[in-house]
Amino acid sequence: AQKVTQAQTEISVVEKEDVTLDCVYETRDTTYYLFWYKQPPSGELVFLIRRNSFDEQNEISGRYSWNFQKSTSSFNFTITASQVVDSAVYFCALGDSGGYQKVTFGTGTKLQVIP
Amino acid sequence: DTGVSQNPRHKITKRGQNVTFRCDPISEHNRLYWYRQTLGQGPEFLTYFQNEAQLEKSRLLSDRFSAERPKGSFSTLEIQRTEQGDSAMYLCATQGRQETQYFGPGTRLLVL
């Protein structure tokens, strides 16, 4: 069975601080996908990144960076120089590679950036 | 804006009433999913369509729930005889050739 654990329920940081959101996953599949989504107060889930299990290269996109480590089954997300607009709930998710993509979400980490 | 739209955005109903939600996908996406999200939780899968065929249903989808996707375009999710436990956000997601699901804004249901 697939499982995603986001142990941090809520995090508060002061604006401009760096923050890392942790994600640990479990799967028996050899091919799978990992995702991060952002859910602002408006409710819409915004896609941030997808990584497949064969690509362990870290990725940077502006202030966002992701660290994928298969050895520890982790896919952590770092926001550098946080801003108030980063305040949201962030979900890590695990998807399989079938025609029907079963995606399992974590319980989310609520990030509050204080001005 | 992902290009996936859902209507209505909010629905308040009395217990026992029927409700119907609509999802309009990104036009070239042939795969469509419905999820339910309750407070403090991540989305949970309900059902999946490939074109007009409903290929997968979760155990969460009781007999009171039915979903359709006529002609493989928009989809509807109907809940009959609503219960207070049905109160949640109902999310639609669509997927094209890439292995990424794009979500709509959701319909927030409150059953009184």
# chains A, B, ... in the order shown; residues from 1 in each chain; ligands from 1
>>> select_by_dssp(residues="segment 24-72 of chain A", states="strand (DSSP E or B)", output="list in words")
Val24, Tyr25, Glu26, Tyr33, Leu34, Phe35, Trp36, Tyr37, Lys38, Gln39, Val46, Phe47, Leu48, Ile49, Arg50, Arg51, Asn52, Glu59, Ile60, Ser61, Tyr64, Ser65, Trp66, Asn67, Phe68 and Gln69 of chain A
>>> interface_residues(of="chain B", to="chain A", cutoff="12 Å", atoms="only C-alpha atoms", output="PyMOL selection string")
chain B and resi 1-6+9-10+30-51+53-58+88-108
>>> select_by_dssp(residues="chain B", states="helix (DSSP H, G or I)", output="list in words")
Pro70, Lys71, Gly72, Gln84, Gly85 and Asp86 of chain B
>>> residues_around(residues="Val84 of chain A", least_positions_apart="5", cutoff="9 Å", atoms="only C-alpha atoms", output="PDB file with C-alpha atoms, in the first residue's frame")
ATOM      1  CA  VAL A  14       8.993  35.068   9.811  1.00  0.00           C
ATOM      2  CA  GLU A  15       9.157  36.549   6.341  1.00  0.00           C
ATOM      3  CA  GLN A 112       2.191  30.522   7.880  1.00  0.00           C
ATOM      4  CA  VAL A 113       4.617  33.259   6.915  1.00  0.00           C
ATOM      5  CA  ILE A 114       4.458  36.154   9.332  1.00  0.00           C
ATOM      6  CA  PRO A 115       5.313  39.624   8.020  1.00  0.00           C
TER       7      PRO A 115
END
